[in-house]
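What follows is one structure encoded as structure tokens, with my remarks underneath.
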Amino acid sequence: MITLTVSKLYKSFGSNTVFEDLTFTNETKSLGIAGPNGSGKSTLLKCLGQLLRPSSGTVTWDINGEQLSNNNLTNILGYGAPYINLYDVLNCRENLQFLSNIRHRSSDSNQIDDWINRVSLNEVAEQPFGNLSTGQQQRLRLAAALFHEPKILMLDEPGSNLDAAGRSLVADIAESFQTPDKMLILASNNPDELQLCEQIFSVEEESLV
Ligand SMILES: Nc1ncnc2c1ncn2[C@@H]1O[C@H](COP(=O)(O)OP(=O)(O)OP(=O)(O)O)[C@@H](O)[C@H]1O
């Protein structure tokens, strides 16, 4: 079981306070982060995923009752978002292979092919990322977040630019995280995506709703 504990989290950019004193615990398998444009969903998700340092406060991860050593999420986190850039000049397979190399994992080649198929990019697998359509790029971002089989998955607006089949893929991915040893955190202002989650945190109301 994974437990996320957020305590007195505060983040500002200069004089712009995005949120202050956020305190909550999530033990459910899937947490949605809701709120209108500019309310701080991405900023909170980045703080939870250690992409951004909070101005103050703490984010703590416990797995099966034990705090994660150094709170280090590196090998257990998958993060998919429009602002996670892949390399334009590398093709789909090369981008995933590059990520695998920097994670020092040698066992990923089957997962790479598997995920390229699962996101239906097999026909463009040899195309440079920069030549893909925006929806195809979003599909590769999902594969990049998932092929190393993370325990914690964070998705920011996962359905953006996706067609009906792509949105259904996101629902399948969310479903696959509904097990006690995993946690999905999904930031969105799309009610259909938020419905995939067991519990919702509103950044506007600064509380679980
Ligand atoms: N790197 C940054 N530097 C300065 N201000 C920032 C930065 N990132 C976000 N902000 C500000 O923080 C606030 C929250 O932005 P954030 O992107 O977290 O909102 P959001 O709820 O995810 O919005 P959207 O629904 O449009 O994606 C906004 O006022 C934004 O201008």
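Every chain in the structure tokens takes a letter, A first, then B, and so on in the order presented; its residues are numbered from 1, and the ligands are numbered from 1 following the presented order.
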*Please provide the set of residues having any atom within 12 Å of A:Leu44, restricted to only C-alpha atoms, with same-chain residues fewer than 6 positions apart removed, written as number ranges by chain.*
A: 6, 9-12, 18-20, 22-23, 32-35, 38, 50-55, 58-59, 154-156, 185-188, 201-204, 206
*Do you know which residues are within 6 Å of ligand 1 using only C-alpha atoms and all ligand atoms? Can you write them as number ranges by chain?*
A: 13, 18, 35-43
Prev. selection, C-alpha atoms, output as a PDB file, in the first residue's frame:
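Once everything was written out, this is selection.pdb:
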```
ATOM      1  CA  PHE A  13       6.503  32.158  -7.876  1.00  0.00           C
ATOM      2  CA  VAL A  18      -0.152  29.423  -6.020  1.00  0.00           C
ATOM      3  CA  GLY A  35      -9.292  23.027 -10.484  1.00  0.00           C
ATOM      4  CA  PRO A  36      -9.745  25.655 -13.174  1.00  0.00           C
ATOM      5  CA  ASN A  37      -6.992  26.926 -15.488  1.00  0.00           C
ATOM      6  CA  GLY A  38      -4.187  28.562 -13.556  1.00  0.00           C
ATOM      7  CA  SER A  39      -5.344  27.267 -10.144  1.00  0.00           C
ATOM      8  CA  GLY A  40      -2.152  25.273  -9.564  1.00  0.00           C
ATOM      9  CA  LYS A  41      -2.866  21.666 -10.614  1.00  0.00           C
ATOM     10  CA  SER A  42       0.371  21.257 -12.583  1.00  0.00           C
ATOM     11  CA  THR A  43       2.371  23.072  -9.910  1.00  0.00           C
TER      12      THR A  43
END
```
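Near stretch 73-87 of chain A, within a cut-off of 7 Å and counting only C-alpha atoms, sit the residues Leu90, Asn95, Phe129, Arg141, Leu142, Ala145, Leu146, Pro150, Lys151, Ile152, Leu153, Met154, Leu155, Asp156, Glu157 and Pro158 of chain A, with same-chain residues fewer than 3 positions away left out.
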*Could you find all residues in chain A that DSSP calls strand (DSSP E) from the backbone, and write them as a ChimeraX atom specification?*
/A:2-13,16-26,30-34,56-63,66-67,77-80,152-156,183-187,199-202,207-208
*Identify, on the basis of only C-alpha atoms, every residue whose closest approach to stretch 159-175 of chain A does not exceed 7 Å; exclude the query and any residue fewer than 3 positions from it along the same chain; express the result as a ChimeraX atom specification.*
/A:134-135,178,184,196
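If only C-alpha atoms are the atoms counted, then among A:Phe147, A:Phe177, A:Trp61, A:Trp115 the closest residue to A:Leu31 is A:Phe177.
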*Near A:Ile112, within 12 Å and counting only C-alpha atoms, which residues show up once chain neighbours fewer than 4 positions away are dropped, as a ChimeraX atom specification?*
/A:92-100,105-108,116-119,121-122,125,140,142-149
Residues of the last selection are to be written out with N, CA and C atoms, as a compact mmCIF listing (two decimals), in the first residue's frame.
```txt
# COMPACT_ATOMS: atom_id res chain seq x y z
N CYS A 92 10.69 6.96 -32.04
CA CYS A 92 9.93 6.51 -30.86
C CYS A 92 10.74 5.51 -30.03
N ARG A 93 11.24 4.49 -30.71
CA ARG A 93 11.96 3.44 -30.00
C ARG A 93 13.24 3.99 -29.36
N GLU A 94 13.95 4.86 -30.10
CA GLU A 94 15.21 5.43 -29.57
C GLU A 94 14.94 6.30 -28.34
N ASN A 95 13.82 7.04 -28.35
CA ASN A 95 13.51 7.86 -27.18
C ASN A 95 13.31 7.00 -25.94
N LEU A 96 12.58 5.90 -26.09
CA LEU A 96 12.34 5.02 -24.94
C LEU A 96 13.64 4.32 -24.52
N GLN A 97 14.45 3.93 -25.52
CA GLN A 97 15.73 3.27 -25.22
C GLN A 97 16.64 4.24 -24.45
N PHE A 98 16.63 5.51 -24.86
CA PHE A 98 17.45 6.52 -24.18
C PHE A 98 17.03 6.63 -22.71
N LEU A 99 15.70 6.68 -22.48
CA LEU A 99 15.21 6.77 -21.09
C LEU A 99 15.62 5.52 -20.29
N SER A 100 15.55 4.38 -20.96
CA SER A 100 15.94 3.13 -20.30
C SER A 100 17.42 3.17 -19.92
N ARG A 105 18.67 0.49 -16.94
CA ARG A 105 17.88 -0.74 -16.99
C ARG A 105 18.17 -1.45 -18.30
N SER A 106 18.53 -2.71 -18.21
CA SER A 106 18.84 -3.46 -19.42
C SER A 106 17.68 -4.33 -19.86
N SER A 107 16.67 -4.44 -18.98
CA SER A 107 15.60 -5.42 -19.23
C SER A 107 14.37 -4.82 -19.91
N ASP A 108 14.52 -3.61 -20.45
CA ASP A 108 13.33 -2.92 -20.91
C ASP A 108 12.96 -3.14 -22.38
N ILE A 116 5.06 0.43 -27.34
CA ILE A 116 4.86 1.08 -28.65
C ILE A 116 3.61 0.49 -29.32
N ASN A 117 3.42 -0.82 -29.16
CA ASN A 117 2.19 -1.44 -29.68
C ASN A 117 0.96 -0.99 -28.92
N ARG A 118 1.09 -0.95 -27.59
CA ARG A 118 -0.10 -0.61 -26.78
C ARG A 118 -0.60 0.80 -27.05
N VAL A 119 0.33 1.71 -27.38
CA VAL A 119 -0.13 3.08 -27.68
C VAL A 119 -0.33 3.26 -29.19
N LEU A 121 1.60 2.94 -31.84
CA LEU A 121 2.57 3.72 -32.62
C LEU A 121 3.48 2.82 -33.45
N ASN A 122 3.12 1.53 -33.60
CA ASN A 122 4.03 0.61 -34.30
C ASN A 122 4.34 1.07 -35.72
N ALA A 125 6.97 3.88 -35.45
CA ALA A 125 8.01 3.66 -34.43
C ALA A 125 9.39 4.15 -34.87
N LEU A 140 3.24 8.75 -27.19
CA LEU A 140 4.59 8.33 -26.82
C LEU A 140 4.94 8.79 -25.41
N LEU A 142 2.88 8.93 -22.97
CA LEU A 142 2.26 7.93 -22.07
C LEU A 142 3.13 6.68 -22.00
N ALA A 143 3.60 6.22 -23.17
CA ALA A 143 4.47 5.03 -23.18
C ALA A 143 5.74 5.29 -22.37
N ALA A 144 6.30 6.50 -22.51
CA ALA A 144 7.54 6.84 -21.80
C ALA A 144 7.32 6.84 -20.29
N ALA A 145 6.11 7.21 -19.87
CA ALA A 145 5.81 7.23 -18.43
C ALA A 145 5.59 5.83 -17.88
N LEU A 146 5.28 4.87 -18.76
CA LEU A 146 4.79 3.57 -18.28
C LEU A 146 5.67 2.36 -18.55
N PHE A 147 6.57 2.43 -19.54
CA PHE A 147 7.19 1.18 -19.96
C PHE A 147 8.13 0.60 -18.91
N HIS A 148 8.59 1.40 -17.95
CA HIS A 148 9.45 0.85 -16.89
C HIS A 148 8.63 0.36 -15.69
N GLU A 149 7.30 0.26 -15.88
CA GLU A 149 6.41 -0.33 -14.88
C GLU A 149 6.49 0.38 -13.53
```
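Here atom CA of A:Val209 and atom CA of A:Asn189 stand 14.4 Å from one another.
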As a PDB file with N, CA and C atoms, in the first residue's frame, which residues of stretch 51-186 of chain A does DSSP assign to helix (DSSP H, G or I)?
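Result written to result-v1.pdb:
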```pdb
ATOM      1  N   SER A  69      13.129   5.611   1.208  1.00  0.00           N
ATOM      2  CA  SER A  69      14.471   6.069   1.556  1.00  0.00           C
ATOM      3  C   SER A  69      14.808   7.369   0.811  1.00  0.00           C
ATOM      4  N   ASN A  70      15.201   8.377   1.544  1.00  0.00           N
ATOM      5  CA  ASN A  70      15.486   9.714   1.001  1.00  0.00           C
ATOM      6  C   ASN A  70      14.316  10.281   0.201  1.00  0.00           C
ATOM      7  N   ASN A  71      13.139   9.673   0.395  1.00  0.00           N
ATOM      8  CA  ASN A  71      11.975  10.100  -0.379  1.00  0.00           C
ATOM      9  C   ASN A  71      12.235  10.017  -1.891  1.00  0.00           C
ATOM     10  N   CYS A  92      10.692   6.958 -32.042  1.00  0.00           N
ATOM     11  CA  CYS A  92       9.927   6.509 -30.855  1.00  0.00           C
ATOM     12  C   CYS A  92      10.736   5.514 -30.032  1.00  0.00           C
ATOM     13  N   ARG A  93      11.238   4.493 -30.711  1.00  0.00           N
ATOM     14  CA  ARG A  93      11.964   3.438 -30.002  1.00  0.00           C
ATOM     15  C   ARG A  93      13.240   3.993 -29.358  1.00  0.00           C
ATOM     16  N   GLU A  94      13.952   4.855 -30.101  1.00  0.00           N
ATOM     17  CA  GLU A  94      15.207   5.429 -29.571  1.00  0.00           C
ATOM     18  C   GLU A  94      14.943   6.297 -28.340  1.00  0.00           C
ATOM     19  N   ASN A  95      13.821   7.043 -28.349  1.00  0.00           N
ATOM     20  CA  ASN A  95      13.510   7.864 -27.182  1.00  0.00           C
ATOM     21  C   ASN A  95      13.315   7.001 -25.937  1.00  0.00           C
ATOM     22  N   LEU A  96      12.576   5.896 -26.092  1.00  0.00           N
ATOM     23  CA  LEU A  96      12.341   5.017 -24.937  1.00  0.00           C
ATOM     24  C   LEU A  96      13.640   4.316 -24.524  1.00  0.00           C
ATOM     25  N   GLN A  97      14.453   3.925 -25.522  1.00  0.00           N
ATOM     26  CA  GLN A  97      15.728   3.274 -25.220  1.00  0.00           C
ATOM     27  C   GLN A  97      16.643   4.237 -24.454  1.00  0.00           C
ATOM     28  N   PHE A  98      16.628   5.511 -24.862  1.00  0.00           N
ATOM     29  CA  PHE A  98      17.447   6.515 -24.177  1.00  0.00           C
ATOM     30  C   PHE A  98      17.026   6.630 -22.706  1.00  0.00           C
ATOM     31  N   LEU A  99      15.702   6.681 -22.475  1.00  0.00           N
ATOM     32  CA  LEU A  99      15.214   6.766 -21.087  1.00  0.00           C
ATOM     33  C   LEU A  99      15.624   5.525 -20.289  1.00  0.00           C
ATOM     34  N   SER A 100      15.549   4.375 -20.959  1.00  0.00           N
ATOM     35  CA  SER A 100      15.941   3.129 -20.300  1.00  0.00           C
ATOM     36  C   SER A 100      17.420   3.169 -19.919  1.00  0.00           C
ATOM     37  N   ASN A 101      18.253   3.684 -20.834  1.00  0.00           N
ATOM     38  CA  ASN A 101      19.697   3.761 -20.565  1.00  0.00           C
ATOM     39  C   ASN A 101      19.999   4.666 -19.377  1.00  0.00           C
ATOM     40  N   ILE A 102      19.322   5.824 -19.324  1.00  0.00           N
ATOM     41  CA  ILE A 102      19.662   6.711 -18.206  1.00  0.00           C
ATOM     42  C   ILE A 102      19.111   6.177 -16.884  1.00  0.00           C
ATOM     43  N   SER A 109      13.811  -3.838 -23.175  1.00  0.00           N
ATOM     44  CA  SER A 109      13.546  -3.827 -24.624  1.00  0.00           C
ATOM     45  C   SER A 109      12.199  -4.468 -24.974  1.00  0.00           C
ATOM     46  N   ASN A 110      11.806  -5.539 -24.269  1.00  0.00           N
ATOM     47  CA  ASN A 110      10.481  -6.120 -24.540  1.00  0.00           C
ATOM     48  C   ASN A 110       9.368  -5.137 -24.185  1.00  0.00           C
ATOM     49  N   GLN A 111       9.552  -4.470 -23.029  1.00  0.00           N
ATOM     50  CA  GLN A 111       8.534  -3.502 -22.608  1.00  0.00           C
ATOM     51  C   GLN A 111       8.427  -2.348 -23.597  1.00  0.00           C
ATOM     52  N   ILE A 112       9.573  -1.962 -24.195  1.00  0.00           N
ATOM     53  CA  ILE A 112       9.546  -0.857 -25.158  1.00  0.00           C
ATOM     54  C   ILE A 112       8.664  -1.231 -26.344  1.00  0.00           C
ATOM     55  N   ASP A 113       8.907  -2.409 -26.917  1.00  0.00           N
ATOM     56  CA  ASP A 113       8.090  -2.830 -28.065  1.00  0.00           C
ATOM     57  C   ASP A 113       6.632  -3.017 -27.659  1.00  0.00           C
ATOM     58  N   ASP A 114       6.447  -3.601 -26.472  1.00  0.00           N
ATOM     59  CA  ASP A 114       5.096  -3.821 -25.985  1.00  0.00           C
ATOM     60  C   ASP A 114       4.337  -2.497 -25.884  1.00  0.00           C
ATOM     61  N   TRP A 115       4.995  -1.483 -25.303  1.00  0.00           N
ATOM     62  CA  TRP A 115       4.304  -0.218 -25.109  1.00  0.00           C
ATOM     63  C   TRP A 115       4.115   0.556 -26.411  1.00  0.00           C
ATOM     64  N   ILE A 116       5.058   0.435 -27.336  1.00  0.00           N
ATOM     65  CA  ILE A 116       4.861   1.076 -28.648  1.00  0.00           C
ATOM     66  C   ILE A 116       3.610   0.491 -29.319  1.00  0.00           C
ATOM     67  N   ASN A 117       3.417  -0.818 -29.160  1.00  0.00           N
ATOM     68  CA  ASN A 117       2.192  -1.442 -29.683  1.00  0.00           C
ATOM     69  C   ASN A 117       0.961  -0.987 -28.918  1.00  0.00           C
ATOM     70  N   ARG A 118       1.090  -0.947 -27.593  1.00  0.00           N
ATOM     71  CA  ARG A 118      -0.096  -0.613 -26.782  1.00  0.00           C
ATOM     72  C   ARG A 118      -0.602   0.797 -27.048  1.00  0.00           C
ATOM     73  N   ASN A 122       3.116   1.532 -33.597  1.00  0.00           N
ATOM     74  CA  ASN A 122       4.027   0.613 -34.303  1.00  0.00           C
ATOM     75  C   ASN A 122       4.339   1.073 -35.722  1.00  0.00           C
ATOM     76  N   GLU A 123       3.337   1.688 -36.376  1.00  0.00           N
ATOM     77  CA  GLU A 123       3.587   2.091 -37.769  1.00  0.00           C
ATOM     78  C   GLU A 123       4.492   3.314 -37.885  1.00  0.00           C
ATOM     79  N   VAL A 124       4.647   4.057 -36.800  1.00  0.00           N
ATOM     80  CA  VAL A 124       5.515   5.247 -36.845  1.00  0.00           C
ATOM     81  C   VAL A 124       6.699   5.110 -35.878  1.00  0.00           C
ATOM     82  N   PHE A 129      10.494  11.762 -33.224  1.00  0.00           N
ATOM     83  CA  PHE A 129       9.426  12.309 -32.370  1.00  0.00           C
ATOM     84  C   PHE A 129       8.924  13.642 -32.925  1.00  0.00           C
ATOM     85  N   GLY A 130       9.842  14.470 -33.407  1.00  0.00           N
ATOM     86  CA  GLY A 130       9.467  15.796 -33.915  1.00  0.00           C
ATOM     87  C   GLY A 130       8.568  15.749 -35.131  1.00  0.00           C
ATOM     88  N   ASN A 131       8.522  14.606 -35.827  1.00  0.00           N
ATOM     89  CA  ASN A 131       7.664  14.497 -37.024  1.00  0.00           C
ATOM     90  C   ASN A 131       6.282  13.939 -36.702  1.00  0.00           C
ATOM     91  N   THR A 134       0.568  15.817 -32.825  1.00  0.00           N
ATOM     92  CA  THR A 134       0.537  16.114 -31.382  1.00  0.00           C
ATOM     93  C   THR A 134      -0.094  14.954 -30.591  1.00  0.00           C
ATOM     94  N   GLY A 135      -1.111  14.299 -31.183  1.00  0.00           N
ATOM     95  CA  GLY A 135      -1.731  13.148 -30.507  1.00  0.00           C
ATOM     96  C   GLY A 135      -0.768  11.969 -30.429  1.00  0.00           C
ATOM     97  N   GLN A 136      -0.010  11.750 -31.503  1.00  0.00           N
ATOM     98  CA  GLN A 136       0.982  10.658 -31.476  1.00  0.00           C
ATOM     99  C   GLN A 136       2.076  10.970 -30.450  1.00  0.00           C
ATOM    100  N   GLN A 137       2.475  12.256 -30.375  1.00  0.00           N
ATOM    101  CA  GLN A 137       3.482  12.628 -29.370  1.00  0.00           C
ATOM    102  C   GLN A 137       2.949  12.365 -27.956  1.00  0.00           C
ATOM    103  N   GLN A 138       1.663  12.674 -27.742  1.00  0.00           N
ATOM    104  CA  GLN A 138       1.067  12.425 -26.421  1.00  0.00           C
ATOM    105  C   GLN A 138       1.057  10.922 -26.113  1.00  0.00           C
ATOM    106  N   ARG A 139       0.775  10.107 -27.135  1.00  0.00           N
ATOM    107  CA  ARG A 139       0.798   8.654 -26.941  1.00  0.00           C
ATOM    108  C   ARG A 139       2.204   8.186 -26.546  1.00  0.00           C
ATOM    109  N   LEU A 140       3.237   8.753 -27.185  1.00  0.00           N
ATOM    110  CA  LEU A 140       4.593   8.325 -26.820  1.00  0.00           C
ATOM    111  C   LEU A 140       4.942   8.794 -25.406  1.00  0.00           C
ATOM    112  N   ARG A 141       4.443   9.982 -25.025  1.00  0.00           N
ATOM    113  CA  ARG A 141       4.686  10.431 -23.645  1.00  0.00           C
ATOM    114  C   ARG A 141       4.075   9.448 -22.646  1.00  0.00           C
ATOM    115  N   LEU A 142       2.885   8.926 -22.973  1.00  0.00           N
ATOM    116  CA  LEU A 142       2.263   7.933 -22.073  1.00  0.00           C
ATOM    117  C   LEU A 142       3.127   6.676 -22.003  1.00  0.00           C
ATOM    118  N   ALA A 143       3.603   6.216 -23.175  1.00  0.00           N
ATOM    119  CA  ALA A 143       4.470   5.025 -23.183  1.00  0.00           C
ATOM    120  C   ALA A 143       5.736   5.289 -22.371  1.00  0.00           C
ATOM    121  N   ALA A 144       6.298   6.502 -22.511  1.00  0.00           N
ATOM    122  CA  ALA A 144       7.540   6.845 -21.799  1.00  0.00           C
ATOM    123  C   ALA A 144       7.323   6.839 -20.289  1.00  0.00           C
ATOM    124  N   ALA A 145       6.107   7.211 -19.871  1.00  0.00           N
ATOM    125  CA  ALA A 145       5.814   7.231 -18.433  1.00  0.00           C
ATOM    126  C   ALA A 145       5.590   5.829 -17.880  1.00  0.00           C
ATOM    127  N   LEU A 146       5.284   4.868 -18.765  1.00  0.00           N
ATOM    128  CA  LEU A 146       4.792   3.573 -18.277  1.00  0.00           C
ATOM    129  C   LEU A 146       5.672   2.363 -18.549  1.00  0.00           C
ATOM    130  N   ALA A 164     -10.696   9.327 -29.616  1.00  0.00           N
ATOM    131  CA  ALA A 164     -11.515   8.467 -28.740  1.00  0.00           C
ATOM    132  C   ALA A 164     -10.742   7.215 -28.303  1.00  0.00           C
ATOM    133  N   ALA A 165      -9.988   6.626 -29.240  1.00  0.00           N
ATOM    134  CA  ALA A 165      -9.219   5.419 -28.886  1.00  0.00           C
ATOM    135  C   ALA A 165      -8.137   5.765 -27.866  1.00  0.00           C
ATOM    136  N   GLY A 166      -7.527   6.934 -28.023  1.00  0.00           N
ATOM    137  CA  GLY A 166      -6.488   7.372 -27.081  1.00  0.00           C
ATOM    138  C   GLY A 166      -7.067   7.626 -25.698  1.00  0.00           C
ATOM    139  N   ARG A 167      -8.262   8.220 -25.656  1.00  0.00           N
ATOM    140  CA  ARG A 167      -8.898   8.476 -24.347  1.00  0.00           C
ATOM    141  C   ARG A 167      -9.290   7.161 -23.678  1.00  0.00           C
ATOM    142  N   SER A 168      -9.675   6.208 -24.499  1.00  0.00           N
ATOM    143  CA  SER A 168     -10.002   4.885 -23.951  1.00  0.00           C
ATOM    144  C   SER A 168      -8.738   4.208 -23.398  1.00  0.00           C
ATOM    145  N   LEU A 169      -7.617   4.438 -24.083  1.00  0.00           N
ATOM    146  CA  LEU A 169      -6.332   3.919 -23.600  1.00  0.00           C
ATOM    147  C   LEU A 169      -6.010   4.519 -22.220  1.00  0.00           C
ATOM    148  N   VAL A 170      -6.254   5.827 -22.061  1.00  0.00           N
ATOM    149  CA  VAL A 170      -6.007   6.467 -20.763  1.00  0.00           C
ATOM    150  C   VAL A 170      -6.875   5.814 -19.684  1.00  0.00           C
ATOM    151  N   ALA A 171      -8.145   5.533 -20.030  1.00  0.00           N
ATOM    152  CA  ALA A 171      -9.038   4.875 -19.057  1.00  0.00           C
ATOM    153  C   ALA A 171      -8.507   3.489 -18.701  1.00  0.00           C
ATOM    154  N   ASP A 172      -7.990   2.759 -19.692  1.00  0.00           N
ATOM    155  CA  ASP A 172      -7.428   1.423 -19.422  1.00  0.00           C
ATOM    156  C   ASP A 172      -6.200   1.524 -18.502  1.00  0.00           C
ATOM    157  N   ILE A 173      -5.370   2.535 -18.777  1.00  0.00           N
ATOM    158  CA  ILE A 173      -4.175   2.740 -17.944  1.00  0.00           C
ATOM    159  C   ILE A 173      -4.605   3.034 -16.504  1.00  0.00           C
ATOM    160  N   ALA A 174      -5.603   3.923 -16.356  1.00  0.00           N
ATOM    161  CA  ALA A 174      -6.092   4.266 -15.012  1.00  0.00           C
ATOM    162  C   ALA A 174      -6.604   3.006 -14.310  1.00  0.00           C
ATOM    163  N   GLU A 175      -7.332   2.204 -15.033  1.00  0.00           N
ATOM    164  CA  GLU A 175      -7.880   0.951 -14.475  1.00  0.00           C
ATOM    165  C   GLU A 175      -6.741   0.035 -13.990  1.00  0.00           C
ATOM    166  N   SER A 176      -5.643   0.000 -14.781  1.00  0.00           N
ATOM    167  CA  SER A 176      -4.541  -0.905 -14.432  1.00  0.00           C
ATOM    168  C   SER A 176      -3.810  -0.446 -13.160  1.00  0.00           C
TER     169      SER A 176
END
```
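We find atom CA of A:Ile200 and atom CA of A:Gln67 to be spaced 23.5 Å apart.
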*Pick out the residues sitting within 8 Å of A:Lys29, and hand them over as a PyMOL selection string; count only C-alpha atoms, and ignore anything fewer than 6 positions along from it in its own chain.*
chain A and resi 2+177-180+182-184+197-198
Selection to disk with N, CA and C atoms, as a short mmCIF file (atom, residue, chain, number, x, y, z; two decimals), in the first residue's frame:
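File out_20.cif, as written:
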```
data_model
loop_
_atom_site.label_atom_id
_atom_site.label_comp_id
_atom_site.auth_asym_id
_atom_site.auth_seq_id
_atom_site.Cartn_x
_atom_site.Cartn_y
_atom_site.Cartn_z
N ILE A 2 0.46 2.24 -0.77
CA ILE A 2 1.23 3.48 -0.88
C ILE A 2 0.45 4.60 -0.19
N PHE A 177 -4.07 0.81 -12.74
CA PHE A 177 -3.44 1.30 -11.50
C PHE A 177 -4.35 1.13 -10.28
N GLN A 178 -5.50 0.48 -10.48
CA GLN A 178 -6.41 0.28 -9.34
C GLN A 178 -6.02 -0.97 -8.55
N THR A 179 -4.77 -1.05 -8.16
CA THR A 179 -4.35 -2.17 -7.31
C THR A 179 -3.63 -1.59 -6.10
N PRO A 180 -3.65 -2.32 -4.96
CA PRO A 180 -3.17 -1.74 -3.70
C PRO A 180 -1.68 -1.35 -3.72
N LYS A 182 -0.11 0.19 -6.09
CA LYS A 182 0.16 1.27 -7.04
C LYS A 182 -0.66 2.51 -6.68
N MET A 183 -0.23 3.65 -7.22
CA MET A 183 -1.04 4.86 -7.05
C MET A 183 -0.97 5.71 -8.32
N LEU A 184 -2.13 6.14 -8.76
CA LEU A 184 -2.25 7.06 -9.90
C LEU A 184 -2.65 8.43 -9.37
N CYS A 197 -10.83 8.60 -11.09
CA CYS A 197 -10.12 8.57 -9.79
C CYS A 197 -11.08 8.34 -8.63
N GLU A 198 -10.56 7.69 -7.59
CA GLU A 198 -11.37 7.37 -6.42
C GLU A 198 -11.63 8.59 -5.54
#
```
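Checking A:Asp181, A:Leu4, A:Asp62, A:Thr17 one by one against A:Leu48, counting only C-alpha atoms, you find the shortest gap at A:Leu4.
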_Please compute the atom CA of A:Glu205-atom CA of A:Gly14 distance, one decimal, in Å._
21.9 Å
